[in-house]
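Trainee: My structure is in query-v3.txt, and what it holds is compact mmCIF, C-alpha atoms:
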# COMPACT_ATOMS: atom_id res chain seq x y z
CA MET A 79 -30.18 38.47 -13.40
CA SER A 80 -27.85 40.84 -11.43
CA ASP A 81 -27.94 43.48 -8.73
CA THR A 82 -25.40 46.21 -7.80
CA THR A 83 -24.18 46.14 -4.23
CA HIS A 84 -23.33 49.21 -2.08
CA ASP A 85 -19.67 49.03 -3.06
CA GLY A 86 -20.42 48.90 -6.77
CA ALA A 87 -19.83 45.18 -7.21
CA ILE A 88 -22.22 43.19 -9.28
CA ALA A 89 -23.86 40.17 -7.57
CA MET A 90 -25.45 37.49 -9.67
CA SER A 91 -28.74 35.95 -8.41
CA ALA A 92 -30.05 32.55 -9.38
CA PRO A 93 -32.89 32.45 -11.94
CA PRO A 94 -36.29 31.41 -10.57
CA SER A 95 -36.74 27.63 -10.32
CA PRO A 96 -39.16 26.10 -12.83
CA ASP A 97 -40.58 24.14 -9.87
CA GLU A 98 -41.32 27.21 -7.80
CA GLY A 99 -44.88 27.33 -6.58
CA LEU A 100 -45.56 23.61 -7.20
CA THR A 101 -47.06 21.55 -4.38
CA SER A 102 -45.47 18.33 -3.14
CA ALA A 103 -48.05 16.27 -5.01
CA GLN A 104 -47.40 18.20 -8.23
CA LEU A 105 -43.63 17.76 -7.86
CA ALA A 106 -44.06 14.03 -7.30
CA ALA A 107 -46.27 13.74 -10.38
CA LYS A 108 -43.83 15.82 -12.49
CA TYR A 109 -40.80 13.66 -11.65
CA GLY A 110 -42.56 10.30 -11.41
CA LEU A 111 -42.03 9.89 -7.67
CA SER A 112 -44.15 7.63 -5.46
CA VAL A 113 -44.54 7.09 -1.72
CA SER A 114 -42.05 4.61 -0.29
CA GLY A 115 -43.91 1.47 0.78
CA ALA A 116 -47.18 2.64 -0.80
CA ARG A 117 -49.93 0.03 -0.93
CA PRO A 118 -50.20 -1.58 -4.37
CA GLY A 119 -53.51 -2.47 -5.98
CA LEU A 120 -55.17 -5.67 -4.83
CA VAL A 121 -54.42 -7.63 -8.02
CA GLU A 122 -50.80 -6.45 -8.04
CA TYR A 123 -50.52 -7.34 -4.35
CA ILE A 124 -51.68 -10.90 -5.03
CA SER A 125 -49.14 -11.10 -7.86
CA GLN A 126 -46.37 -9.93 -5.53
CA LEU A 127 -47.36 -12.57 -2.98
CA TRP A 128 -47.26 -15.28 -5.64
CA GLY A 129 -43.80 -14.08 -6.60
CA ARG A 130 -42.71 -14.55 -2.97
CA ARG A 131 -44.16 -18.05 -2.68
CA HIS A 132 -40.72 -19.65 -2.33
CA PHE A 133 -39.86 -17.24 0.49
CA ILE A 134 -43.14 -18.05 2.26
CA LEU A 135 -42.47 -21.79 2.08
CA ALA A 136 -38.82 -21.48 3.13
CA PHE A 137 -39.64 -19.09 5.98
CA SER A 138 -42.36 -21.38 7.38
CA SER A 139 -40.10 -24.44 7.15
CA ALA A 140 -37.24 -22.61 8.86
CA LYS A 141 -39.53 -21.46 11.67
CA LEU A 142 -40.82 -25.00 12.15
CA THR A 143 -37.29 -26.41 12.33
CA ALA A 144 -36.14 -23.73 14.78
CA GLN A 145 -39.20 -24.09 17.01
CA TYR A 146 -37.80 -27.03 18.98
CA SER A 147 -34.11 -26.69 18.07
CA GLN A 148 -33.09 -26.10 21.71
CA ALA A 149 -34.99 -29.12 23.06
CA LYS A 150 -33.22 -32.46 23.47
CA LEU A 151 -36.08 -34.35 21.82
CA GLY A 152 -36.10 -31.84 18.97
CA GLN A 153 -38.85 -32.30 16.39
CA LEU A 154 -40.47 -35.11 18.40
CA TRP A 155 -42.19 -32.37 20.39
CA GLN A 156 -44.22 -31.56 17.29
CA VAL A 157 -46.09 -34.79 17.97
CA ALA A 158 -45.59 -35.10 21.72
CA THR A 159 -47.10 -31.71 22.62
CA PRO A 160 -50.61 -32.23 21.15
CA LEU A 161 -50.54 -35.87 22.22
CA LEU A 162 -49.84 -34.92 25.84
CA ASN A 163 -52.63 -32.35 25.66
CA ALA A 164 -55.01 -35.04 24.44
CA ALA A 165 -53.93 -37.35 27.29
CA VAL A 166 -54.60 -34.63 29.88
CA TYR A 167 -58.01 -33.85 28.40
CA TYR A 168 -58.90 -37.56 28.33
CA MET A 169 -57.98 -37.97 31.98
CA ILE A 170 -60.05 -34.94 33.04
CA PHE A 171 -62.98 -35.00 30.62
CA GLY A 172 -63.06 -38.67 29.66
CA LEU A 173 -62.38 -40.39 32.96
CA ILE A 174 -63.30 -37.86 35.66
CA LEU A 175 -66.14 -35.87 34.04
CA ASP A 176 -67.32 -38.64 31.68
CA SER A 177 -67.84 -36.19 28.82
CA GLY A 178 -67.80 -39.11 26.38
CA ARG A 179 -71.10 -40.51 27.63
CA GLY A 180 -73.17 -41.84 24.78
CA MET A 181 -70.02 -42.83 22.88
CA ASP A 182 -68.17 -46.08 22.81
CA LYS A 183 -64.57 -45.83 24.05
CA ALA A 184 -63.36 -46.86 20.57
CA VAL A 185 -65.09 -43.74 19.21
CA PHE A 186 -64.48 -41.29 22.03
CA ILE A 187 -60.69 -41.53 22.18
CA PRO A 188 -60.15 -40.84 18.43
CA PHE A 189 -62.93 -38.22 18.74
CA LEU A 190 -61.05 -36.43 21.51
CA VAL A 191 -57.60 -36.64 19.90
CA THR A 192 -58.98 -35.39 16.57
CA GLY A 193 -60.62 -32.45 18.31
CA VAL A 194 -57.43 -31.50 20.15
CA PHE A 195 -55.22 -31.75 17.05
CA VAL A 196 -57.60 -29.93 14.70
CA PHE A 197 -58.47 -27.13 17.11
CA THR A 198 -54.78 -26.68 17.96
CA PHE A 199 -54.21 -26.02 14.24
CA THR A 200 -56.54 -23.01 14.36
CA GLN A 201 -55.42 -21.91 17.82
CA THR A 202 -51.73 -21.78 16.98
CA SER A 203 -52.40 -20.10 13.62
CA VAL A 204 -54.29 -17.33 15.40
CA MET A 205 -51.67 -16.88 18.11
CA ALA A 206 -48.86 -16.78 15.54
CA GLY A 207 -50.88 -14.31 13.47
CA VAL A 208 -51.20 -11.90 16.40
CA ARG A 209 -47.40 -11.62 16.58
CA ALA A 210 -46.69 -11.92 12.85
CA ILE A 211 -46.05 -8.19 12.36
CA SER A 212 -45.34 -6.94 15.89
CA GLY A 213 -42.85 -9.75 16.49
CA ASN A 214 -41.00 -9.20 13.21
CA VAL A 215 -40.76 -5.41 13.05
CA GLY A 216 -37.05 -5.53 12.19
CA LEU A 217 -37.72 -7.69 9.15
CA VAL A 218 -40.68 -5.55 8.09
CA ARG A 219 -38.65 -2.35 8.28
CA ALA A 220 -35.51 -3.76 6.65
CA LEU A 221 -36.97 -5.46 3.59
CA HIS A 222 -39.63 -4.59 1.05
CA PHE A 223 -42.07 -7.44 0.50
CA PRO A 224 -45.85 -7.95 0.77
CA ARG A 225 -46.46 -8.08 4.52
CA ALA A 226 -49.19 -10.71 4.15
CA ALA A 227 -46.37 -13.18 3.50
CA LEU A 228 -45.68 -13.26 7.24
CA PRO A 229 -49.08 -14.36 8.63
CA ILE A 230 -49.53 -16.71 5.66
CA SER A 231 -46.15 -18.34 6.34
CA PHE A 232 -47.02 -18.77 10.03
CA ALA A 233 -50.32 -20.44 9.10
CA LEU A 234 -48.39 -22.70 6.71
CA GLN A 235 -45.98 -23.53 9.53
CA GLN A 236 -48.91 -24.72 11.65
CA LEU A 237 -50.22 -26.80 8.75
CA GLN A 238 -46.84 -28.51 8.50
CA GLN A 239 -46.97 -29.06 12.25
CA LEU A 240 -50.40 -30.65 11.88
CA MET A 241 -49.10 -33.08 9.25
CA PHE A 242 -46.83 -34.65 11.89
CA SER A 243 -49.76 -34.86 14.31
CA MET A 244 -51.99 -36.47 11.67
CA ILE A 245 -49.62 -39.44 11.44
CA VAL A 246 -50.18 -40.09 15.15
CA LEU A 247 -53.92 -39.52 14.73
CA PHE A 248 -54.12 -42.12 11.95
CA VAL A 249 -52.33 -44.66 14.16
CA ILE A 250 -54.70 -43.96 17.07
CA ALA A 251 -57.78 -44.23 14.85
CA ALA A 252 -56.60 -47.55 13.41
CA SER A 253 -55.78 -48.82 16.92
CA PHE A 254 -59.43 -48.32 17.88
CA GLY A 255 -60.92 -49.99 14.82
CA SER A 256 -61.18 -47.13 12.29
CA TYR A 257 -59.06 -48.51 9.46
CA PRO A 258 -58.03 -46.61 6.33
CA SER A 259 -60.84 -46.29 3.79
CA LEU A 260 -61.96 -44.00 0.97
CA SER A 261 -63.70 -41.77 3.51
CA TRP A 262 -60.27 -40.73 4.80
CA LEU A 263 -59.79 -38.81 1.53
CA LEU A 264 -62.43 -36.36 2.78
CA ILE A 265 -59.83 -35.13 5.27
CA VAL A 266 -58.04 -33.33 2.41
CA PRO A 267 -60.85 -30.90 1.45
CA ALA A 268 -61.78 -30.42 5.12
CA LEU A 269 -58.20 -29.43 6.02
CA ALA A 270 -57.96 -27.25 2.89
CA MET A 271 -61.03 -25.28 3.98
CA GLN A 272 -59.71 -24.97 7.51
CA PHE A 273 -56.33 -23.79 6.19
CA VAL A 274 -57.95 -21.00 4.16
CA PHE A 275 -60.08 -20.06 7.17
CA ASN A 276 -56.97 -19.99 9.40
CA ILE A 277 -55.10 -17.76 6.94
CA GLY A 278 -57.97 -15.25 6.90
CA LEU A 279 -58.15 -15.25 10.68
CA ALA A 280 -54.36 -14.94 11.02
CA LEU A 281 -54.37 -11.94 8.64
CA ILE A 282 -57.06 -10.21 10.68
CA MET A 283 -55.22 -10.86 13.93
CA ALA A 284 -51.90 -9.74 12.41
CA ARG A 285 -53.33 -6.31 11.59
CA LEU A 286 -55.00 -5.99 14.99
CA GLY A 287 -51.86 -7.21 16.77
CA SER A 288 -49.64 -4.73 14.92
CA ASN A 289 -51.56 -1.86 16.52
CA THR A 290 -52.38 -3.45 19.88
CA PRO A 291 -49.49 -5.48 21.34
CA ASP A 292 -51.56 -6.30 24.45
CA LEU A 293 -53.85 -8.40 22.26
CA ALA A 294 -51.30 -11.22 22.50
CA GLN A 295 -51.95 -11.37 26.27
CA LEU A 296 -55.73 -11.46 25.82
CA MET A 297 -55.94 -14.05 23.04
CA PRO A 298 -55.21 -17.17 25.18
CA PHE A 299 -58.38 -16.48 27.19
CA ILE A 300 -60.43 -15.95 24.03
CA MET A 301 -59.06 -19.12 22.44
CA ARG A 302 -59.72 -21.16 25.58
CA THR A 303 -63.34 -19.99 25.62
CA TRP A 304 -63.68 -20.84 21.92
CA MET A 305 -62.25 -24.30 22.56
CA TYR A 306 -64.79 -25.10 25.27
CA ALA A 307 -67.61 -23.81 23.07
CA SER A 308 -66.57 -25.93 20.08
CA GLY A 309 -67.00 -29.44 21.42
CA VAL A 310 -63.32 -30.40 21.45
CA MET A 311 -63.72 -32.71 24.44
CA PHE A 312 -67.42 -33.59 24.18
CA SER A 313 -70.34 -33.93 21.82
CA ILE A 314 -72.25 -30.64 21.71
CA SER A 315 -75.59 -32.28 20.96
CA VAL A 316 -75.23 -34.76 23.84
CA MET A 317 -74.00 -32.23 26.41
CA LEU A 318 -76.76 -29.73 25.57
CA GLU A 319 -79.57 -32.26 25.50
CA GLY A 320 -82.58 -30.72 27.21
CA LYS A 321 -81.39 -27.16 26.52
CA PRO A 322 -83.00 -24.85 23.94
CA PRO A 323 -82.12 -26.33 20.50
CA TRP A 324 -80.85 -23.03 19.10
CA ILE A 325 -77.88 -23.07 21.51
CA ALA A 326 -76.60 -26.36 20.10
CA GLU A 327 -77.24 -25.12 16.54
CA VAL A 328 -75.17 -21.99 17.08
CA LEU A 329 -72.29 -23.92 18.63
CA MET A 330 -72.31 -26.66 15.99
CA TYR A 331 -72.15 -24.13 13.15
CA ASN A 332 -69.17 -22.29 14.57
CA PRO A 333 -66.24 -22.90 12.18
CA ALA A 334 -63.95 -24.66 14.67
CA ALA A 335 -66.68 -27.22 15.42
CA ILE A 336 -67.47 -27.67 11.72
CA TYR A 337 -63.91 -28.51 10.69
CA MET A 338 -63.40 -30.84 13.65
CA ASP A 339 -66.62 -32.71 12.91
CA LEU A 340 -65.84 -33.04 9.20
CA ILE A 341 -62.51 -34.68 9.97
CA ARG A 342 -64.07 -36.86 12.68
CA PHE A 343 -66.73 -37.97 10.20
CA ALA A 344 -64.09 -38.83 7.60
CA LEU A 345 -61.76 -40.62 10.01
CA ILE A 346 -63.85 -42.40 12.65
CA ASP A 347 -66.08 -45.28 11.60
CA GLY A 348 -68.53 -44.90 14.50
CA TYR A 349 -68.98 -41.14 13.98
CA ASP A 350 -71.67 -40.95 11.31
CA SER A 351 -73.55 -38.12 9.60
CA SER A 352 -76.19 -37.99 12.36
CA ASN A 353 -73.61 -36.13 14.45
CA LEU A 354 -73.23 -33.37 11.86
CA PRO A 355 -75.42 -30.32 11.29
CA SER A 356 -77.22 -30.10 7.96
CA HIS A 357 -75.34 -28.66 4.95
CA VAL A 358 -72.11 -28.94 6.93
CA TRP A 359 -69.82 -29.00 3.86
CA LEU A 360 -71.46 -25.87 2.48
CA ALA A 361 -71.10 -24.18 5.86
CA GLY A 362 -67.42 -25.09 6.02
CA ALA A 363 -66.82 -23.74 2.51
CA LEU A 364 -68.66 -20.50 3.27
CA TRP A 365 -66.64 -19.90 6.44
CA ALA A 366 -63.41 -20.48 4.49
CA VAL A 367 -64.35 -18.15 1.63
CA LEU A 368 -65.77 -15.46 3.92
CA LEU A 369 -62.79 -15.32 6.31
CA GLY A 370 -60.23 -15.90 3.57
CA ILE A 371 -61.39 -12.95 1.43
CA ALA A 372 -62.36 -10.63 4.29
CA GLY A 373 -59.11 -11.27 6.16
CA PHE A 374 -56.96 -10.72 3.09
CA VAL A 375 -58.65 -7.45 2.12
CA TYR A 376 -58.67 -6.21 5.72
CA PHE A 377 -54.93 -6.85 6.05
CA TRP A 378 -54.11 -5.37 2.62
CA LYS A 379 -55.93 -2.12 3.47
CA ALA A 380 -53.27 -1.30 6.09
CA GLU A 381 -50.26 -2.53 4.09
CA GLU A 382 -48.41 0.79 4.05
CA ARG A 383 -48.75 1.28 7.82
CA TYR A 384 -47.01 -1.90 9.00
CA GLY A 385 -43.66 -1.32 10.69
CA ARG A 386 -44.12 2.44 11.01
CA GLY A 387 -44.36 4.51 14.14
Would you write out, as C-alpha cells, the structure that this file holds?
Mentor:
Amino acid sequence: MSDTTHDGAIAMSAPPSPDEGLTSAQLAAKYGLSVSGARPGLVEYISQLWGRRHFILAFSSAKLTAQYSQAKLGQLWQVATPLLNAAVYYMIFGLILDSGRGMDKAVFIPFLVTGVFVFTFTQTSVMAGVRAISGNVGLVRALHFPRAALPISFALQQLQQLMFSMIVLFVIAASFGSYPSLSWLLIVPALAMQFVFNIGLALIMARLGSNTPDLAQLMPFIMRTWMYASGVMFSISVMLEGKPPWIAEVLMYNPAAIYMDLIRFALIDGYDSSNLPSHVWLAGALWAVLLGIAGFVYFWKAEERYGRG
C-alpha cells in the first residue's frame, strides 16, 4: 500500500498485521504462549516434586548442618537443646508442681522427655513452615521449582533433627527400665503419621506466612498454648480428674497428644493402653491423611502467587 505526500513523494505504509484485533488470550493461544510460573495441574505438580526429591533431601541436610555451624559444640546442640528443655520442665513440673502424680518416677521421666521431643518435632516444623516462603523469597524468585519443596524440606530437616534426639530418648528409657522390645517398632508408623501431619501443617503455615509476615511473631504463643493443652508435661486424664469428661476427650484426641501417646505406649513399659483414647491408631491415621491432603492442596492452590508482589 502507498500514499502520495504533499511534495509528490510516494510513502509506503506497512500492511495490516494478521494479529490485529486479537486479544492477549487469543495471541497467547495462537503462538503457544503460557503464563510464566503458572500453576501446573495437581498430578503434574506431584510429579515435579518427585523429580526434585534429591534437591529436597540435600536442602534439608544442608540446613540441618548449617543450623549449629557457628556454635562451638556444633551438632551436639541437636541433642542438647531438647534435653535441656526436658530438664527444665522436669524441675518445674515434675519436682515443684508434681505433675507426675499417679506415675512412678521410672515412667514419668521417660514420659516427660518423650513428650518434649515429640512435640518439639511438630513445633519446629510449624515454625519453619511459617518462614519457608517469606524467608526464602530470593530463592523462590530466582529459580523455577515446585514451591512445596521448601516447607517439605524444612519438615524433613526437623525429622532428621528428631532422629538424633531419639537416640538420647532410647538411652533414657532403657536407664529407667524400659528395655528394647518388639513394641519399639510401633514408633516407626507413629512417627510416619506425625511426619505426614507435620508436612500438611507446614504447607498450610507456609502459605499463610507468605501473605502475613507477622504470623511468625504470633505463632510462638499459639504453639505454647497447644503444648500445654496436649499433655506434654502431665497426664491429661489424671490432671482433669473430676472435670467434665468431654474436656479430657477433646484434649486427648488432639493430634499432638495422639502422636506423643502412641510413642509413649510403644517405648515405655509402664505406660499401657489404659492411658490411650479408644481407636487411637485410627485417629492418628485420620489426622495425618486429613492434614496431609488438605495442606498440600491448600498450598498448591496459591503456587503461582509465591514470591510475587
Trainee: List every protein, DNA or RNA residue that has at least one atom no more than 12 Å from (-75.3, -23.4, 16.0) in the file's coordinates, counting only C-alpha atoms, and write the result as a PyMOL selection string.
Mentor: chain A and resi 307-309+314-315+318+322-336+354-356+358+361
Trainee: Stretch 261-264 of chain A: which residues within 10 Å, counting all atoms listed in the file, same-chain residues fewer than 6 positions away excluded, as a list of chain:residue names?
Mentor: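 Returned residues: A:Phe248, A:Leu340, A:Ile341, A:Arg342, A:Phe343, A:Ala344, A:Leu345, A:Ile346, A:Asp347.
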Trainee: Output C-alpha atoms for every residue in the selection just made, as a PDB file, in the coordinates of the input.
Mentor:
ATOM      1  CA  PHE A 248     -54.120 -42.120  11.950  1.00  0.00           C
ATOM      2  CA  LEU A 340     -65.840 -33.040   9.200  1.00  0.00           C
ATOM      3  CA  ILE A 341     -62.510 -34.680   9.970  1.00  0.00           C
ATOM      4  CA  ARG A 342     -64.070 -36.860  12.680  1.00  0.00           C
ATOM      5  CA  PHE A 343     -66.730 -37.970  10.200  1.00  0.00           C
ATOM      6  CA  ALA A 344     -64.090 -38.830   7.600  1.00  0.00           C
ATOM      7  CA  LEU A 345     -61.760 -40.620  10.010  1.00  0.00           C
ATOM      8  CA  ILE A 346     -63.850 -42.400  12.650  1.00  0.00           C
ATOM      9  CA  ASP A 347     -66.080 -45.280  11.600  1.00  0.00           C
TER      10      ASP A 347
END
Trainee: Give me, as CSV, the closest atom pair and its distance (Å, one decimal) for every residue of stretch 177-211 of chain A within a cut-off of 12 Å of stretch 128-142 of chain A, counting all atoms listed in the file, rows sorted by chain and rising number.
Mentor:
residue,atom,partner,partner_atom,distance
A:Ser203,CA,A:Ser138,CA,11.9
A:Ala206,CA,A:Lys141,CA,11.1
A:Ala210,CA,A:Ser138,CA,11.8
Trainee: Looking at all atoms listed in the file, which of A:Gly278, A:Pro118, A:Pro291, A:Gly172 is the one that sits closest to A:Val204?
Mentor: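 Among the listed residues, the smallest separation from A:Val204 belongs to A:Gly278.
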Trainee: Find the spatial neighbours of A:Ser177, counting only C-alpha atoms, within a cut-off of 7 Å - ignore same-chain residues fewer than 6 positions away - and output them as a ChimeraX atom specification.
Mentor: /A:171,311-312
Trainee: Using C-alpha atoms, can you export the residues from the last selection as a PDB file, in the frame of the given file?
Mentor:
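File result_37.pdb, as written:
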ATOM      1  CA  PHE A 171     -62.980 -35.000  30.620  1.00  0.00           C
ATOM      2  CA  MET A 311     -63.720 -32.710  24.440  1.00  0.00           C
ATOM      3  CA  PHE A 312     -67.420 -33.590  24.180  1.00  0.00           C
TER       4      PHE A 312
END
Trainee: Report as a PyMOL selection string all protein, DNA and RNA residues lying within 10 Å of A:Ile250, evaluated on all atoms listed in the file, omitting residues in the same chain fewer than 3 positions from it.
Mentor: chain A and resi 184+187-188+191-192+244-247+253-257
Trainee: Generate a file of the selected residues that holds C-alpha atoms, formatted as a short mmCIF file (atom, residue, chain, number, x, y, z; two decimals), in the coordinates of the input.
Mentor:
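Final output, saved to selection27.cif:
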data_model
loop_
_atom_site.label_atom_id
_atom_site.label_comp_id
_atom_site.auth_asym_id
_atom_site.auth_seq_id
_atom_site.Cartn_x
_atom_site.Cartn_y
_atom_site.Cartn_z
CA ALA A 184 -63.36 -46.86 20.57
CA ILE A 187 -60.69 -41.53 22.18
CA PRO A 188 -60.15 -40.84 18.43
CA VAL A 191 -57.60 -36.64 19.90
CA THR A 192 -58.98 -35.39 16.57
CA MET A 244 -51.99 -36.47 11.67
CA ILE A 245 -49.62 -39.44 11.44
CA VAL A 246 -50.18 -40.09 15.15
CA LEU A 247 -53.92 -39.52 14.73
CA SER A 253 -55.78 -48.82 16.92
CA PHE A 254 -59.43 -48.32 17.88
CA GLY A 255 -60.92 -49.99 14.82
CA SER A 256 -61.18 -47.13 12.29
CA TYR A 257 -59.06 -48.51 9.46
#
Trainee: Out of A:Phe232, A:Phe377, A:Phe223, A:Phe195, which residue has the shortest atom-to-atom distance to A:Arg209 when counting all atoms listed in the file?
Mentor: A:Phe232
Trainee: Name the closest residue to A:Met181 among the candidates A:Gly207, A:Gly348, A:Gly373, A:Gly362; distances are taken between atoms, counting all atoms listed in the file.
Mentor: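 Among A:Gly207, A:Gly348, A:Gly373, A:Gly362, it is A:Gly348 that comes nearest to A:Met181.
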Trainee: Nearest to A:Ala280 among A:Leu260, A:Leu154, A:Ile211, A:Leu120, with distances taken over all atoms listed in the file: which residue is it?
Mentor: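 The closest residue to A:Ala280 is A:Ile211.
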Trainee: Select, from A:Leu369, A:Tyr168, A:Leu127, A:His357, the residue with the minimum atom-to-atom distance to A:His222, counting all atoms listed in the file.
Mentor: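 Counting all atoms listed in the file, the residue closest to A:His222 is A:Leu127.
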Trainee: Hey, what's within 12 Å of A:Glu382 if we count all atoms listed in the file and toss same-chain stuff fewer than 4 positions away? As a list in words, please?
Mentor: Val113, Ser114, Gly115, Ala116, Arg117, Pro118, Gly119, Tyr123, Val218, Arg219, His222, Phe223, Pro224, Arg225, Ala226, Arg285, Phe377, Trp378, Arg386 and Gly387 of chain A
Trainee: Suppose we keep C-alpha atoms; can you now write the selection as a tab-separated table (two decimals), in the coordinates of the input?
Mentor:
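The resulting file, part-v9.tsv, is reproduced below:
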chain	number	residue	atom	x	y	z
A	113	VAL	CA	-44.54	7.09	-1.72
A	114	SER	CA	-42.05	4.61	-0.29
A	115	GLY	CA	-43.91	1.47	0.78
A	116	ALA	CA	-47.18	2.64	-0.80
A	117	ARG	CA	-49.93	0.03	-0.93
A	118	PRO	CA	-50.20	-1.58	-4.37
A	119	GLY	CA	-53.51	-2.47	-5.98
A	123	TYR	CA	-50.52	-7.34	-4.35
A	218	VAL	CA	-40.68	-5.55	8.09
A	219	ARG	CA	-38.65	-2.35	8.28
A	222	HIS	CA	-39.63	-4.59	1.05
A	223	PHE	CA	-42.07	-7.44	0.50
A	224	PRO	CA	-45.85	-7.95	0.77
A	225	ARG	CA	-46.46	-8.08	4.52
A	226	ALA	CA	-49.19	-10.71	4.15
A	285	ARG	CA	-53.33	-6.31	11.59
A	377	PHE	CA	-54.93	-6.85	6.05
A	378	TRP	CA	-54.11	-5.37	2.62
A	386	ARG	CA	-44.12	2.44	11.01
A	387	GLY	CA	-44.36	4.51	14.14
Trainee: Nearest to A:Met317: which of A:Leu175, A:Leu228, A:Ile371, A:Ala363 is it, counting all atoms listed in the file?
Mentor: A:Leu175
Trainee: How many Å lie between atom CA of A:Ser212 and atom CA of A:Ser288, rounded to one decimal?
Mentor: 4.9 Å
Trainee: Report, in Å with one decimal, the straight-line distance from atom CA of A:Ala165 to atom CA of A:Ile277.
Mentor: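 Going from atom CA of A:Ala165 over to atom CA of A:Ile277 covers 28.3 Å.
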Trainee: What would stretch 338-344 of chain A look like with all heavy atoms in place, written as a PDB file, keeping the file's coordinate frame?
Mentor:
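Writing the result to rebuild.pdb gives the following:
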ATOM      1  N   MET A 338     -63.674 -29.664  12.830  1.00  0.00           N
ATOM      2  CA  MET A 338     -63.400 -30.840  13.650  1.00  0.00           C
ATOM      3  C   MET A 338     -64.351 -31.977  13.301  1.00  0.00           C
ATOM      4  O   MET A 338     -63.928 -33.126  13.140  1.00  0.00           O
ATOM      5  CB  MET A 338     -63.544 -30.486  15.137  1.00  0.00           C
ATOM      6  CG  MET A 338     -62.354 -29.772  15.729  1.00  0.00           C
ATOM      7  SD  MET A 338     -62.471 -29.602  17.518  1.00  0.00           S
ATOM      8  CE  MET A 338     -63.883 -28.517  17.674  1.00  0.00           C
ATOM      9  N   ASP A 339     -65.642 -31.665  13.171  1.00  0.00           N
ATOM     10  CA  ASP A 339     -66.620 -32.710  12.910  1.00  0.00           C
ATOM     11  C   ASP A 339     -66.470 -33.308  11.514  1.00  0.00           C
ATOM     12  O   ASP A 339     -66.713 -34.500  11.311  1.00  0.00           O
ATOM     13  CB  ASP A 339     -68.039 -32.162  13.091  1.00  0.00           C
ATOM     14  CG  ASP A 339     -68.468 -32.133  14.551  1.00  0.00           C
ATOM     15  OD1 ASP A 339     -67.799 -32.803  15.358  1.00  0.00           O
ATOM     16  OD2 ASP A 339     -69.453 -31.453  14.879  1.00  0.00           O
ATOM     17  N   LEU A 340     -66.069 -32.500  10.542  1.00  0.00           N
ATOM     18  CA  LEU A 340     -65.840 -33.040   9.200  1.00  0.00           C
ATOM     19  C   LEU A 340     -64.706 -34.052   9.195  1.00  0.00           C
ATOM     20  O   LEU A 340     -64.789 -35.099   8.541  1.00  0.00           O
ATOM     21  CB  LEU A 340     -65.531 -31.895   8.221  1.00  0.00           C
ATOM     22  CG  LEU A 340     -66.714 -31.025   7.793  1.00  0.00           C
ATOM     23  CD1 LEU A 340     -66.237 -29.876   6.908  1.00  0.00           C
ATOM     24  CD2 LEU A 340     -67.754 -31.859   7.045  1.00  0.00           C
ATOM     25  N   ILE A 341     -63.650 -33.754   9.926  1.00  0.00           N
ATOM     26  CA  ILE A 341     -62.510 -34.680   9.970  1.00  0.00           C
ATOM     27  C   ILE A 341     -62.857 -35.902  10.822  1.00  0.00           C
ATOM     28  O   ILE A 341     -62.462 -37.030  10.500  1.00  0.00           O
ATOM     29  CB  ILE A 341     -61.260 -33.947  10.496  1.00  0.00           C
ATOM     30  CG1 ILE A 341     -60.862 -32.860   9.488  1.00  0.00           C
ATOM     31  CG2 ILE A 341     -60.107 -34.923  10.714  1.00  0.00           C
ATOM     32  CD1 ILE A 341     -59.726 -31.981   9.925  1.00  0.00           C
ATOM     33  N   ARG A 342     -63.617 -35.708  11.881  1.00  0.00           N
ATOM     34  CA  ARG A 342     -64.070 -36.860  12.680  1.00  0.00           C
ATOM     35  C   ARG A 342     -64.953 -37.774  11.834  1.00  0.00           C
ATOM     36  O   ARG A 342     -64.824 -39.000  11.884  1.00  0.00           O
ATOM     37  CB  ARG A 342     -64.864 -36.366  13.890  1.00  0.00           C
ATOM     38  CG  ARG A 342     -64.007 -35.775  15.003  1.00  0.00           C
ATOM     39  CD  ARG A 342     -64.846 -34.959  15.969  1.00  0.00           C
ATOM     40  NE  ARG A 342     -64.099 -34.547  17.154  1.00  0.00           N
ATOM     41  CZ  ARG A 342     -64.491 -33.598  17.985  1.00  0.00           C
ATOM     42  NH1 ARG A 342     -65.643 -32.952  17.781  1.00  0.00           N
ATOM     43  NH2 ARG A 342     -63.758 -33.280  19.051  1.00  0.00           N
ATOM     44  N   PHE A 343     -65.848 -37.196  11.063  1.00  0.00           N
ATOM     45  CA  PHE A 343     -66.730 -37.970  10.200  1.00  0.00           C
ATOM     46  C   PHE A 343     -65.935 -38.771   9.179  1.00  0.00           C
ATOM     47  O   PHE A 343     -66.246 -39.932   8.885  1.00  0.00           O
ATOM     48  CB  PHE A 343     -67.718 -37.027   9.502  1.00  0.00           C
ATOM     49  CG  PHE A 343     -68.512 -37.669   8.405  1.00  0.00           C
ATOM     50  CD1 PHE A 343     -69.504 -38.596   8.696  1.00  0.00           C
ATOM     51  CD2 PHE A 343     -68.274 -37.343   7.078  1.00  0.00           C
ATOM     52  CE1 PHE A 343     -70.239 -39.197   7.676  1.00  0.00           C
ATOM     53  CE2 PHE A 343     -69.001 -37.928   6.059  1.00  0.00           C
ATOM     54  CZ  PHE A 343     -69.986 -38.859   6.357  1.00  0.00           C
ATOM     55  N   ALA A 344     -64.896 -38.147   8.611  1.00  0.00           N
ATOM     56  CA  ALA A 344     -64.090 -38.830   7.600  1.00  0.00           C
ATOM     57  C   ALA A 344     -63.220 -39.923   8.194  1.00  0.00           C
ATOM     58  O   ALA A 344     -62.969 -40.950   7.556  1.00  0.00           O
ATOM     59  CB  ALA A 344     -63.202 -37.797   6.877  1.00  0.00           C
TER      60      ALA A 344
END
